[in-house]
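Asks: Structure file query.txt (compact mmCIF, C-alpha atoms and all ligand atoms) is given on the next line.
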```txt
# COMPACT_ATOMS: atom_id res chain seq x y z
CA MET A 337 97.55 78.64 53.55
CA ALA A 338 98.89 79.99 56.85
CA THR A 339 100.83 77.39 58.84
CA ALA A 340 99.30 76.55 62.23
CA ARG A 341 101.00 78.18 65.18
CA LYS A 342 102.94 75.90 67.53
CA ARG A 343 101.14 75.61 70.86
CA VAL A 344 102.89 75.97 74.21
CA LEU A 345 101.47 75.53 77.72
CA ILE A 346 103.20 77.67 80.37
CA THR A 347 102.32 76.80 83.96
CA GLY A 348 102.90 79.58 86.47
CA GLY A 349 102.22 81.90 83.51
CA ALA A 350 100.95 84.76 85.72
CA GLY A 351 104.13 84.78 87.81
CA PHE A 352 107.32 86.75 87.40
CA LEU A 353 109.22 84.36 85.09
CA GLY A 354 106.15 82.71 83.55
CA SER A 355 104.76 86.04 82.35
CA HIS A 356 108.05 86.96 80.65
CA LEU A 357 108.06 83.53 78.98
CA CYS A 358 104.49 84.16 77.76
CA ASP A 359 105.70 87.43 76.20
CA ARG A 360 108.66 85.73 74.54
CA PHE A 361 106.65 82.86 73.03
CA ILE A 362 103.96 85.27 71.77
CA LYS A 363 106.74 87.31 70.16
CA GLU A 364 108.12 84.14 68.53
CA GLY A 365 104.69 83.47 66.96
CA TYR A 366 103.40 80.69 69.24
CA HIS A 367 99.88 80.10 70.56
CA VAL A 368 100.39 80.47 74.31
CA ILE A 369 98.22 78.86 76.99
CA ALA A 370 99.06 80.16 80.46
CA MET A 371 97.87 78.19 83.48
CA ASP A 372 98.04 79.51 87.01
CA ASN A 373 96.15 79.29 90.31
CA LEU A 374 97.36 82.81 91.24
CA ILE A 375 98.66 81.68 94.63
CA THR A 376 101.72 83.92 94.26
CA GLY A 377 101.18 85.32 90.75
CA ASP A 378 99.12 88.24 89.52
CA LEU A 379 96.92 88.65 86.45
CA LYS A 380 98.31 92.16 85.94
CA ASN A 381 101.53 90.50 84.71
CA ILE A 382 99.68 89.11 81.68
CA GLU A 383 96.67 91.40 81.26
CA HIS A 384 98.29 93.02 78.21
CA LEU A 385 98.05 89.60 76.47
CA PHE A 386 94.33 89.00 77.09
CA LYS A 387 93.27 90.84 73.93
CA LEU A 388 95.35 88.51 71.72
CA GLU A 389 93.59 85.57 70.11
CA GLN A 390 96.82 83.55 70.27
CA PHE A 391 96.75 83.77 74.08
CA GLU A 392 94.57 81.84 76.55
CA PHE A 393 94.52 81.75 80.32
CA TYR A 394 93.34 78.88 82.53
CA HIS A 395 92.84 79.51 86.24
CA HIS A 396 93.82 76.10 87.58
CA ASP A 397 95.88 74.36 90.26
CA VAL A 398 98.29 72.04 88.41
CA SER A 399 98.63 69.79 91.48
CA LYS A 400 95.13 68.62 90.52
CA PHE A 401 94.36 66.75 87.28
CA VAL A 402 95.38 68.92 84.30
CA HIS A 403 93.37 68.92 81.10
CA VAL A 404 94.09 71.13 78.10
CA PRO A 405 92.05 70.71 74.93
CA GLY A 406 93.82 70.43 71.60
CA HIS A 407 97.35 69.74 70.52
CA LEU A 408 100.46 70.87 72.47
CA ASP A 409 103.99 71.08 71.10
CA TYR A 410 105.70 72.25 74.28
CA ILE A 411 105.03 72.47 78.01
CA LEU A 412 107.02 74.76 80.31
CA HIS A 413 106.35 73.88 83.94
CA PHE A 414 107.08 77.02 85.96
CA ALA A 415 104.28 76.80 88.53
CA SER A 416 105.72 76.84 92.05
CA PRO A 417 106.15 79.33 94.83
CA ALA A 418 109.74 80.51 94.40
CA SER A 419 110.67 82.91 97.15
CA PRO A 420 111.37 81.70 100.70
CA ILE A 421 108.69 83.99 102.13
CA ASP A 422 106.11 82.23 99.93
CA TYR A 423 107.19 78.62 100.25
CA LEU A 424 107.69 78.85 104.01
CA LYS A 425 104.05 80.02 104.25
CA ILE A 426 102.73 77.26 101.96
CA PRO A 427 105.19 74.35 102.29
CA ILE A 428 102.71 71.60 101.47
CA GLN A 429 101.42 73.28 98.28
CA THR A 430 105.09 73.78 97.35
CA LEU A 431 105.85 70.08 97.78
CA LYS A 432 102.66 69.18 95.91
CA VAL A 433 103.30 71.37 92.87
CA GLY A 434 106.87 70.07 92.54
CA SER A 435 105.76 66.43 92.87
CA LEU A 436 102.08 65.93 91.95
CA GLY A 437 102.06 68.96 89.63
CA THR A 438 105.17 67.75 87.83
CA HIS A 439 103.70 64.24 87.57
CA ASN A 440 100.48 65.63 86.07
CA LEU A 441 102.40 67.68 83.50
CA LEU A 442 104.70 64.82 82.54
CA GLY A 443 101.56 62.73 81.98
CA LEU A 444 100.06 65.51 79.88
CA ALA A 445 103.27 65.75 77.84
CA MET A 446 103.08 61.97 77.19
CA ALA A 447 99.43 62.20 76.17
CA LYS A 448 100.04 65.12 73.81
CA GLY A 449 103.41 63.98 72.45
CA ALA A 450 104.81 67.31 73.68
CA ARG A 451 108.32 68.21 74.80
CA ILE A 452 108.42 69.42 78.42
CA LEU A 453 110.87 71.77 80.12
CA VAL A 454 110.74 71.96 83.92
CA ALA A 455 111.96 74.87 86.02
CA SER A 456 114.44 73.61 88.57
CA THR A 457 116.65 75.77 90.73
CA SER A 458 120.11 76.38 92.12
CA GLU A 459 118.50 75.38 95.44
CA VAL A 460 119.02 71.74 94.42
CA TYR A 461 122.67 72.41 95.36
CA GLY A 462 121.54 73.50 98.86
CA ASP A 463 124.36 75.11 100.84
CA PRO A 464 126.99 74.04 98.31
CA LEU A 465 130.36 72.60 99.25
CA VAL A 466 131.60 73.06 95.67
CA HIS A 467 132.09 76.48 94.21
CA PRO A 468 131.04 77.53 91.60
CA GLN A 469 128.35 74.91 91.14
CA THR A 470 128.56 72.66 88.09
CA GLU A 471 125.67 70.47 87.01
CA GLU A 472 127.68 67.41 88.13
CA TYR A 473 127.59 68.52 91.79
CA TRP A 474 124.91 66.60 93.73
CA GLY A 475 124.29 69.24 96.35
CA ASN A 476 124.20 69.66 100.11
CA VAL A 477 120.53 69.88 101.09
CA ASN A 478 118.94 69.48 104.50
CA PRO A 479 115.72 67.61 103.65
CA VAL A 480 114.09 68.32 107.02
CA GLY A 481 115.20 71.95 107.36
CA PRO A 482 112.86 74.86 106.64
CA ARG A 483 113.94 75.10 102.98
CA GLY A 484 113.53 71.35 102.46
CA CYS A 485 109.97 71.77 101.15
CA TYR A 486 111.26 73.72 98.15
CA ASP A 487 114.67 72.13 97.60
CA GLU A 488 113.42 68.56 97.86
CA ALA A 489 110.33 69.26 95.74
CA LYS A 490 112.66 70.44 92.99
CA ARG A 491 115.03 67.50 93.43
CA PHE A 492 112.05 65.14 93.20
CA GLN A 493 110.87 67.07 90.14
CA GLU A 494 114.22 66.47 88.44
CA ALA A 495 114.24 62.75 89.36
CA MET A 496 110.68 62.27 88.08
CA THR A 497 111.46 64.14 84.86
CA MET A 498 114.55 62.01 84.19
CA ALA A 499 112.54 58.85 84.94
CA TYR A 500 109.99 59.84 82.28
CA HIS A 501 112.82 60.54 79.88
CA TYR A 502 114.62 57.24 80.39
CA HIS A 503 111.62 55.02 81.06
CA HIS A 504 109.12 56.46 78.56
CA GLY A 505 111.45 58.18 76.10
CA LEU A 506 109.73 61.51 76.79
CA GLU A 507 111.45 64.63 75.40
CA THR A 508 112.42 66.48 78.58
CA ARG A 509 114.54 69.50 79.48
CA ILE A 510 115.61 70.70 82.95
CA VAL A 511 116.77 74.24 83.63
CA ARG A 512 118.48 74.99 86.94
CA ILE A 513 117.72 78.66 87.44
CA PHE A 514 119.93 80.83 89.62
CA ASN A 515 118.64 84.06 91.24
CA THR A 516 116.89 86.07 88.57
CA TYR A 517 115.53 89.60 88.82
CA GLY A 518 113.66 92.12 86.72
CA PRO A 519 110.33 93.87 86.22
CA ARG A 520 107.25 92.06 87.64
CA MET A 521 108.97 90.83 90.77
CA ARG A 522 106.83 91.60 93.80
CA LEU A 523 108.26 94.19 96.17
CA ASP A 524 107.02 92.09 99.09
CA ASP A 525 108.27 88.69 97.89
CA GLY A 526 111.06 88.67 100.47
CA ARG A 527 113.88 88.15 97.97
CA VAL A 528 116.91 90.31 98.60
CA LEU A 529 116.61 92.59 95.58
CA PRO A 530 112.98 93.75 96.04
CA ALA A 531 113.51 93.86 99.80
CA PHE A 532 116.51 96.21 99.46
CA VAL A 533 114.79 98.36 96.82
CA GLY A 534 111.62 98.69 98.93
CA GLN A 535 113.62 99.61 102.04
CA ALA A 536 115.81 102.09 100.13
CA LEU A 537 112.76 103.78 98.59
CA ARG A 538 111.04 104.03 101.97
CA GLY A 539 114.24 105.46 103.53
CA GLU A 540 114.53 102.48 105.89
CA PRO A 541 117.76 100.68 106.81
CA LEU A 542 118.49 97.70 104.55
CA SER A 543 118.10 94.33 106.33
CA ILE A 544 121.22 92.22 106.05
CA PHE A 545 121.02 88.71 107.43
CA GLY A 546 124.36 87.67 108.95
CA ASP A 547 127.38 89.88 108.31
CA GLY A 548 126.66 90.41 104.61
CA SER A 549 129.72 88.49 103.45
CA GLN A 550 127.58 85.76 101.84
CA THR A 551 127.57 85.97 98.05
CA ARG A 552 124.86 85.81 95.42
CA SER A 553 124.80 86.21 91.66
CA PHE A 554 121.89 87.87 89.88
CA CYS A 555 120.71 87.19 86.34
CA TYR A 556 118.53 89.67 84.44
CA VAL A 557 115.24 88.14 83.34
CA ASP A 558 115.74 88.71 79.58
CA ASP A 559 119.00 86.75 79.71
CA LEU A 560 117.30 83.91 81.56
CA VAL A 561 114.42 83.76 79.08
CA GLU A 562 116.88 83.59 76.18
CA GLY A 563 118.68 80.66 77.87
CA ILE A 564 115.40 78.83 78.50
CA TYR A 565 114.28 79.36 74.91
CA ARG A 566 117.56 77.94 73.59
CA LEU A 567 117.47 74.99 75.99
CA LEU A 568 113.91 74.09 74.99
CA LEU A 569 114.90 73.93 71.32
CA SER A 570 118.21 72.13 72.02
CA ASP A 571 118.86 68.37 72.18
CA CYS A 572 120.06 68.48 75.79
CA HIS A 573 118.00 66.47 78.27
CA ASP A 574 120.52 66.80 81.12
CA PRO A 575 120.06 69.67 83.60
CA VAL A 576 121.62 72.99 82.54
CA ASN A 577 122.52 75.89 84.85
CA ILE A 578 121.27 79.26 83.68
CA GLY A 579 122.41 82.22 85.72
CA ASN A 580 124.83 85.07 85.82
CA PRO A 581 128.23 84.10 87.29
CA SER A 582 129.08 87.66 88.31
CA GLU A 583 129.25 87.26 92.10
CA ILE A 584 128.71 89.95 94.72
CA THR A 585 128.51 89.98 98.51
CA ILE A 586 125.19 91.00 100.00
CA LYS A 587 126.88 93.99 101.67
CA GLU A 588 128.26 95.22 98.33
CA PHE A 589 124.85 94.65 96.78
CA ALA A 590 123.24 96.82 99.46
CA GLU A 591 125.76 99.57 98.61
CA GLU A 592 124.91 99.25 94.92
CA ILE A 593 121.16 99.54 95.51
CA CYS A 594 121.64 102.62 97.70
CA GLY A 595 123.89 104.16 95.05
CA LEU A 596 121.28 103.62 92.35
CA THR A 597 118.35 104.86 94.42
CA GLY A 598 120.41 107.83 95.62
CA VAL A 599 119.99 107.14 99.33
CA GLU A 600 122.53 106.95 102.10
CA LEU A 601 123.43 103.38 103.11
CA LYS A 602 121.97 102.37 106.48
CA ILE A 603 122.06 98.71 107.50
CA ALA A 604 120.04 96.73 110.04
CA TYR A 605 121.94 93.50 110.71
CA GLN A 606 119.74 90.50 111.54
CA PRO A 607 120.47 86.87 112.44
CA LEU A 608 121.24 84.56 109.51
CA PRO A 609 118.25 82.28 108.74
CA LYS A 610 118.77 78.52 109.17
CA ASP A 611 120.34 76.78 106.15
CA ASP A 612 120.91 80.06 104.27
CA PRO A 613 123.54 79.27 101.60
CA GLN A 614 126.86 81.11 102.09
CA LYS A 615 127.83 81.08 98.42
CA ARG A 616 125.93 80.76 95.22
CA GLN A 617 127.49 81.08 91.78
CA PRO A 618 126.64 79.15 88.63
CA ASP A 619 129.23 77.45 86.49
CA ILE A 620 127.77 78.13 83.03
CA ALA A 621 130.33 76.27 80.92
CA LYS A 622 127.65 73.81 79.80
CA ALA A 623 125.17 76.52 78.79
CA LYS A 624 127.98 78.19 76.83
CA SER A 625 129.06 75.04 75.00
CA VAL A 626 125.66 73.36 74.47
CA LEU A 627 123.45 76.42 73.96
CA GLY A 628 125.95 79.08 72.91
CA TRP A 629 124.42 81.12 75.74
CA GLU A 630 125.86 83.59 78.21
CA PRO A 631 124.32 86.57 79.98
CA LYS A 632 124.45 89.90 78.13
CA VAL A 633 122.84 92.38 80.52
CA ASP A 634 125.22 93.70 83.15
CA ARG A 635 123.98 94.23 86.69
CA ARG A 636 123.90 98.01 86.58
CA GLU A 637 121.78 98.08 83.42
CA GLY A 638 119.47 95.34 84.72
CA LEU A 639 119.05 97.08 88.06
CA GLU A 640 118.24 100.39 86.38
CA ARG A 641 115.50 98.73 84.28
CA THR A 642 114.10 96.98 87.36
CA LEU A 643 114.17 100.11 89.45
CA GLU A 644 112.29 101.93 86.71
CA TYR A 645 109.57 99.26 86.96
CA PHE A 646 109.35 99.49 90.74
CA LYS A 647 109.12 103.26 90.59
CA LYS A 648 106.42 103.28 87.88
CA GLU A 649 104.34 100.36 89.02
CA VAL A 650 104.67 100.60 92.71
CA ILE A 651 105.47 104.10 93.84
CA GLN A 652 102.75 105.59 91.63
CA ASN A 653 100.31 103.15 93.25
CA GLN A 654 101.57 104.21 96.67
CA THR A 655 102.04 100.57 97.71
CA VAL A 656 105.69 100.65 98.67
P1 LIG A 701 106.38 83.42 91.01
O1 LIG A 701 105.89 83.13 92.39
O2 LIG A 701 106.38 84.82 90.54
O3 LIG A 701 105.61 82.55 89.94
C1 LIG A 701 105.16 81.26 90.20
C2 LIG A 701 103.76 81.14 89.61
O4 LIG A 701 103.27 79.80 89.81
C3 LIG A 701 102.76 82.08 90.29
O5 LIG A 701 102.04 82.79 89.32
C4 LIG A 701 101.86 81.13 91.08
O6 LIG A 701 100.56 81.64 91.25
C5 LIG A 701 101.92 79.88 90.23
N1 LIG A 701 101.61 78.66 90.95
C6 LIG A 701 102.15 78.22 92.12
N2 LIG A 701 101.61 77.03 92.47
C7 LIG A 701 100.73 76.71 91.49
C8 LIG A 701 99.86 75.61 91.27
N3 LIG A 701 99.78 74.59 92.15
N4 LIG A 701 99.09 75.60 90.16
C9 LIG A 701 99.16 76.63 89.26
N5 LIG A 701 99.95 77.70 89.42
C10 LIG A 701 100.72 77.74 90.53
O7 LIG A 701 107.86 82.81 90.94
P2 LIG A 701 108.95 82.92 89.79
O8 LIG A 701 110.10 83.63 90.35
O9 LIG A 701 108.33 83.40 88.54
O10 LIG A 701 109.36 81.40 89.62
C11 LIG A 701 108.85 80.59 88.55
C12 LIG A 701 109.53 79.24 88.54
O11 LIG A 701 110.94 79.40 88.39
C13 LIG A 701 109.32 78.42 89.82
O12 LIG A 701 109.15 77.07 89.46
C14 LIG A 701 110.61 78.62 90.57
O13 LIG A 701 110.88 77.52 91.41
C15 LIG A 701 111.61 78.74 89.44
N6 LIG A 701 112.80 79.51 89.85
C16 LIG A 701 112.77 80.87 89.93
C17 LIG A 701 113.91 81.56 90.32
C18 LIG A 701 113.96 83.07 90.38
O14 LIG A 701 115.04 83.64 90.64
N7 LIG A 701 112.89 83.78 90.13
C19 LIG A 701 115.08 80.85 90.65
C20 LIG A 701 115.05 79.47 90.57
C21 LIG A 701 113.92 78.80 90.15
```
Translate this file's structure into structure tokens.
Replies:
Amino acid sequence: MATARKRVLITGGAGFLGSHLCDRFIKEGYHVIAMDNLITGDLKNIEHLFKLEQFEFYHHDVSKFVHVPGHLDYILHFASPASPIDYLKIPIQTLKVGSLGTHNLLGLAMAKGARILVASTSEVYGDPLVHPQTEEYWGNVNPVGPRGCYDEAKRFQEAMTMAYHYHHGLETRIVRIFNTYGPRMRLDDGRVLPAFVGQALRGEPLSIFGDGSQTRSFCYVDDLVEGIYRLLLSDCHDPVNIGNPSEITIKEFAEEICGLTGVELKIAYQPLPKDDPQKRQPDIAKAKSVLGWEPKVDRREGLERTLEYFKKEVIQNQTV
């Protein structure tokens, strides 16, 4: 007799990261239930899965009561606007999905006896005063600044998740995700990589906020998914950073994108947005020791794969 597939609910399943997680869990032989209200996601990210009987999609806002029929082994809570351009437009939905949405999913995990992994972020460190950021650092967040709606929603999410772990004994996991990139990002999502690629492909100057000396580190999506998969199956209920520690200034990154797209570097300097972090680099010692994980895809290779996607999906559709 065939053994029953394990069942996983992925919220935010039609988004950039959620859709890659759906692919990975299908590949691993799971029954995948994606749930999304499509506020920033797109069904085209998962349309290739619709024909599979081991895949289901629920169009639903997880900040409202969440019901899923049948057994669940795992829940991955990835629903949330993630790019500043999105969460600054919908700050209240962002706060709600991190708080009410997380509460609903923790309740669902209790009811189903499922293990839950929540997607947190390097933004819980705010504009960090410690570099690189270890999981022990408590962060430097302005709760009433423009980014507060996202950062504090995620900090609340972590606190609520730990409370369910300690108070109810729920099996919980928390991943602190650092900037991740790859196919299925939206060109117009305002994050630096799609913004630079879009501008380079249109022959426009690249917008650099501030003098470009601020640093970021970029993790390719396949590496991130591998880290999340390992964390879910690990025993670790403390938060774990997953990201690529290879750091680059924004100015150097602009040069790299122009090099890869074969265009001459032109820069339009703009004022630095309020509370923009100056430095961001994960310390991944914990992921290495607890999960045996480290990133494998170097930036050049990851950027080439991503550029390929943007060219195919976007330029052919003339929507750059
Ligand atoms: P995304 O915007 O592509 O995906 C988020 C998905 O959640 C979208 O499909 C959106 O429609 C859905 N969603 C939002 N609110 C919802 C709600 N109330 N109910 C149901 N669905 C809802 O963003 P992403 O980059 O894929 O990010 C996914 C998760 O990872 C988010 O929780 C984000 O905070 C976290 N994260 C991402 C990054 C990154 O670099 N991409 C970094 C840190 C953390």
Asks: If you take only C-alpha atoms and all ligand atoms and a cut-off of 7 Å, which residues of chain A touch ligand LIG 701 (chain A), and what are their nearest atom pairs and distances in Å to one decimal, in chain and number order, as JSON lines?
Replies:
```
{"residue": "A:Thr347", "atom": "CA", "partner": "A:LIG701", "partner_atom": "N5", "distance": 6.0}
{"residue": "A:Gly348", "atom": "CA", "partner": "A:LIG701", "partner_atom": "O4", "distance": 3.4}
{"residue": "A:Gly349", "atom": "CA", "partner": "A:LIG701", "partner_atom": "O5", "distance": 5.9}
{"residue": "A:Ala350", "atom": "CA", "partner": "A:LIG701", "partner_atom": "O5", "distance": 4.2}
{"residue": "A:Gly351", "atom": "CA", "partner": "A:LIG701", "partner_atom": "O5", "distance": 3.3}
{"residue": "A:Phe352", "atom": "CA", "partner": "A:LIG701", "partner_atom": "O9", "distance": 3.7}
{"residue": "A:Leu353", "atom": "CA", "partner": "A:LIG701", "partner_atom": "O9", "distance": 3.7}
{"residue": "A:Gly354", "atom": "CA", "partner": "A:LIG701", "partner_atom": "O9", "distance": 5.5}
{"residue": "A:Met371", "atom": "CA", "partner": "A:LIG701", "partner_atom": "C9", "distance": 6.1}
{"residue": "A:Asp372", "atom": "CA", "partner": "A:LIG701", "partner_atom": "N5", "distance": 3.6}
{"residue": "A:Asn373", "atom": "CA", "partner": "A:LIG701", "partner_atom": "C9", "distance": 4.2}
{"residue": "A:Leu374", "atom": "CA", "partner": "A:LIG701", "partner_atom": "O6", "distance": 3.4}
{"residue": "A:Ile375", "atom": "CA", "partner": "A:LIG701", "partner_atom": "O6", "distance": 3.9}
{"residue": "A:Thr376", "atom": "CA", "partner": "A:LIG701", "partner_atom": "O6", "distance": 4.0}
{"residue": "A:Gly377", "atom": "CA", "partner": "A:LIG701", "partner_atom": "O5", "distance": 3.0}
{"residue": "A:Asp378", "atom": "CA", "partner": "A:LIG701", "partner_atom": "O5", "distance": 6.2}
{"residue": "A:His396", "atom": "CA", "partner": "A:LIG701", "partner_atom": "C9", "distance": 5.6}
{"residue": "A:Asp397", "atom": "CA", "partner": "A:LIG701", "partner_atom": "N4", "distance": 3.4}
{"residue": "A:Val398", "atom": "CA", "partner": "A:LIG701", "partner_atom": "N4", "distance": 4.0}
{"residue": "A:Ser399", "atom": "CA", "partner": "A:LIG701", "partner_atom": "N3", "distance": 5.0}
{"residue": "A:His413", "atom": "CA", "partner": "A:LIG701", "partner_atom": "O12", "distance": 7.0}
{"residue": "A:Phe414", "atom": "CA", "partner": "A:LIG701", "partner_atom": "O12", "distance": 4.1}
{"residue": "A:Ala415", "atom": "CA", "partner": "A:LIG701", "partner_atom": "O4", "distance": 3.4}
{"residue": "A:Ser416", "atom": "CA", "partner": "A:LIG701", "partner_atom": "C6", "distance": 3.8}
{"residue": "A:Pro417", "atom": "CA", "partner": "A:LIG701", "partner_atom": "O1", "distance": 4.5}
{"residue": "A:Ala418", "atom": "CA", "partner": "A:LIG701", "partner_atom": "C14", "distance": 4.4}
{"residue": "A:Ser419", "atom": "CA", "partner": "A:LIG701", "partner_atom": "O1", "distance": 6.7}
{"residue": "A:Gln429", "atom": "CA", "partner": "A:LIG701", "partner_atom": "N3", "distance": 6.5}
{"residue": "A:Thr430", "atom": "CA", "partner": "A:LIG701", "partner_atom": "N2", "distance": 6.8}
{"residue": "A:Val433", "atom": "CA", "partner": "A:LIG701", "partner_atom": "N3", "distance": 4.8}
{"residue": "A:Gly437", "atom": "CA", "partner": "A:LIG701", "partner_atom": "N3", "distance": 6.6}
{"residue": "A:Ala455", "atom": "CA", "partner": "A:LIG701", "partner_atom": "O12", "distance": 5.0}
{"residue": "A:Ser456", "atom": "CA", "partner": "A:LIG701", "partner_atom": "C21", "distance": 5.5}
{"residue": "A:Thr457", "atom": "CA", "partner": "A:LIG701", "partner_atom": "C20", "distance": 4.0}
{"residue": "A:Ser458", "atom": "CA", "partner": "A:LIG701", "partner_atom": "C20", "distance": 6.1}
{"residue": "A:Arg512", "atom": "CA", "partner": "A:LIG701", "partner_atom": "C20", "distance": 6.7}
{"residue": "A:Ile513", "atom": "CA", "partner": "A:LIG701", "partner_atom": "C20", "distance": 4.2}
{"residue": "A:Phe514", "atom": "CA", "partner": "A:LIG701", "partner_atom": "C19", "distance": 5.0}
{"residue": "A:Asn515", "atom": "CA", "partner": "A:LIG701", "partner_atom": "O14", "distance": 3.7}
{"residue": "A:Thr516", "atom": "CA", "partner": "A:LIG701", "partner_atom": "O14", "distance": 3.7}
{"residue": "A:Tyr517", "atom": "CA", "partner": "A:LIG701", "partner_atom": "O14", "distance": 6.3}
{"residue": "A:Met521", "atom": "CA", "partner": "A:LIG701", "partner_atom": "O2", "distance": 6.5}
```
Asks: Extract, using only C-alpha atoms, all DNA, RNA and protein residues at most 10 Å from Asp547 in chain A, discarding same-chain residues fewer than 3 positions from it, and format them as a PyMOL selection string.
Replies: chain A and resi 544+550+585-587+605-608
Asks: Write out as a PyMOL selection string which residues come within 12 Å of Ala604 in chain A when counting all atoms listed in the file, dropping same-chain ones fewer than 6 positions away.
Replies: chain A and resi 532+535+540-548+587+590
Asks: Neighbouring residues of Lys363 in chain A were defined as those with any atom within 12 Å, considering only C-alpha atoms; residues of the same chain fewer than 3 positions away were excluded. Please report them as a PyMOL selection string.
Replies: chain A and resi 341+356-360+366-368+385+388+390-391+565
Asks: Could you write out that same residue set with C-alpha atoms as a compact mmCIF listing (two decimals), in the coordinates of the input?
Replies:
```txt
# COMPACT_ATOMS: atom_id res chain seq x y z
CA ARG A 341 101.00 78.18 65.18
CA HIS A 356 108.05 86.96 80.65
CA LEU A 357 108.06 83.53 78.98
CA CYS A 358 104.49 84.16 77.76
CA ASP A 359 105.70 87.43 76.20
CA ARG A 360 108.66 85.73 74.54
CA TYR A 366 103.40 80.69 69.24
CA HIS A 367 99.88 80.10 70.56
CA VAL A 368 100.39 80.47 74.31
CA LEU A 385 98.05 89.60 76.47
CA LEU A 388 95.35 88.51 71.72
CA GLN A 390 96.82 83.55 70.27
CA PHE A 391 96.75 83.77 74.08
CA TYR A 565 114.28 79.36 74.91
```
Asks: Can you measure CA of Val466 in chain A to CA of Thr551 in chain A for me? One decimal in Å is fine.
Replies: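 A separation of 13.7 Å between them.
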Asks: Taking all atoms of range 504-520 of chain A that the file lists, what box with edges along x, y and z, padded by 4 Å per side, do you get, with centre and edge lengths in Å to one decimal, as lines of an AutoDock Vina configuration file?
Replies:
```
center_x = 113.6
center_y = 75.2
center_z = 83.3
size_x = 20.7
size_y = 45.4
size_z = 23.8
```
Asks: Leu408 in chain A: which residues within 7 Å, counting all atoms listed in the file, same-chain residues fewer than 4 positions away excluded, as a PyMOL selection string?
Replies: chain A and resi 343-344+448+450
Asks: Which residue out of A:Leu567, A:Leu465, A:Ala447, A:Ile584 has the minimum interatomic distance to Gly628 in chain A when all atoms listed in the file are used?
Replies: A:Leu567
Asks: A:Val561, A:Ile382, A:Leu506, A:Ala445: which is nearest Pro631 in chain A, counting only C-alpha atoms?
Replies: A:Val561
Asks: Quick one: distance from CA of Glu644 in chain A to CA of Glu562 in chain A in Å, one decimal?
Replies: 21.6 Å
Asks: Under the rule that only C-alpha atoms are counted, which of A:Thr642, A:Thr508, A:Thr438, A:Asn476 is the nearest residue to Gly534 in chain A?
Replies: A:Thr642
Asks: Expressed in Å to a single decimal, how great is the separation between CA of Thr470 in chain A and CA of Pro618 in chain A?
Replies: 6.8 Å
Asks: Kindly indicate which residue among A:Leu596, A:Val576, A:Ile426, A:Leu643 lies nearest to Val454 in chain A, using all atoms listed in the file for the distances.
Replies: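 When distances to Val454 in chain A are compared using all atoms listed in the file, the smallest one comes from A:Val576.
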Asks: What lies within 9 Å of Leu424 in chain A using only C-alpha atoms, ignoring chain neighbours under 6 positions off, as a PDB file with C-alpha atoms, keeping the file's coordinate frame?
Replies:
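Contents of the output file result.pdb:
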```pdb
ATOM      1  CA  THR A 430     105.090  73.780  97.350  1.00  0.00           C
ATOM      2  CA  PRO A 482     112.860  74.860 106.640  1.00  0.00           C
ATOM      3  CA  ARG A 483     113.940  75.100 102.980  1.00  0.00           C
ATOM      4  CA  CYS A 485     109.970  71.770 101.150  1.00  0.00           C
ATOM      5  CA  TYR A 486     111.260  73.720  98.150  1.00  0.00           C
TER       6      TYR A 486
END
```
Asks: Rank nothing, just name the residue among A:Asp619, A:Asp487, A:Glu600, A:Asp525 nearest to Glu472 in chain A, using only C-alpha atoms.
Replies: A:Asp619
Asks: Rank nothing, just name the residue among A:Ala531, A:Asp611, A:His504, A:Lys425 nearest to Pro464 in chain A, using all atoms listed in the file.
Replies: A:Asp611
Asks: What would range 400-408 of chain A look like with N, CA and C atoms in place, written as an mmCIF file, keeping the file's coordinate frame?
Replies:
```cif
data_model
loop_
_atom_site.group_PDB
_atom_site.id
_atom_site.type_symbol
_atom_site.label_atom_id
_atom_site.label_comp_id
_atom_site.auth_asym_id
_atom_site.auth_seq_id
_atom_site.Cartn_x
_atom_site.Cartn_y
_atom_site.Cartn_z
ATOM 1 N N LYS A 400 96.322 69.446 90.791
ATOM 2 C CA LYS A 400 95.130 68.620 90.520
ATOM 3 C C LYS A 400 95.212 68.180 89.062
ATOM 4 N N PHE A 401 94.341 67.277 88.652
ATOM 5 C CA PHE A 401 94.360 66.750 87.280
ATOM 6 C C PHE A 401 94.384 67.912 86.264
ATOM 7 N N VAL A 402 95.257 67.827 85.287
ATOM 8 C CA VAL A 402 95.380 68.920 84.300
ATOM 9 C C VAL A 402 94.846 68.458 82.951
ATOM 10 N N HIS A 403 93.894 69.219 82.445
ATOM 11 C CA HIS A 403 93.370 68.920 81.100
ATOM 12 C C HIS A 403 93.495 70.177 80.246
ATOM 13 N N VAL A 404 94.034 70.013 79.049
ATOM 14 C CA VAL A 404 94.090 71.130 78.100
ATOM 15 C C VAL A 404 93.586 70.604 76.758
ATOM 16 N N PRO A 405 92.530 71.211 76.219
ATOM 17 C CA PRO A 405 92.050 70.710 74.930
ATOM 18 C C PRO A 405 93.014 71.015 73.800
ATOM 19 N N GLY A 406 93.026 70.161 72.800
ATOM 20 C CA GLY A 406 93.820 70.430 71.600
ATOM 21 C C GLY A 406 95.254 69.957 71.718
ATOM 22 N N HIS A 407 95.974 70.196 70.645
ATOM 23 C CA HIS A 407 97.350 69.740 70.520
ATOM 24 C C HIS A 407 98.304 70.632 71.357
ATOM 25 N N LEU A 408 99.392 70.064 71.836
ATOM 26 C CA LEU A 408 100.460 70.870 72.470
ATOM 27 C C LEU A 408 101.798 70.436 71.893
#
```
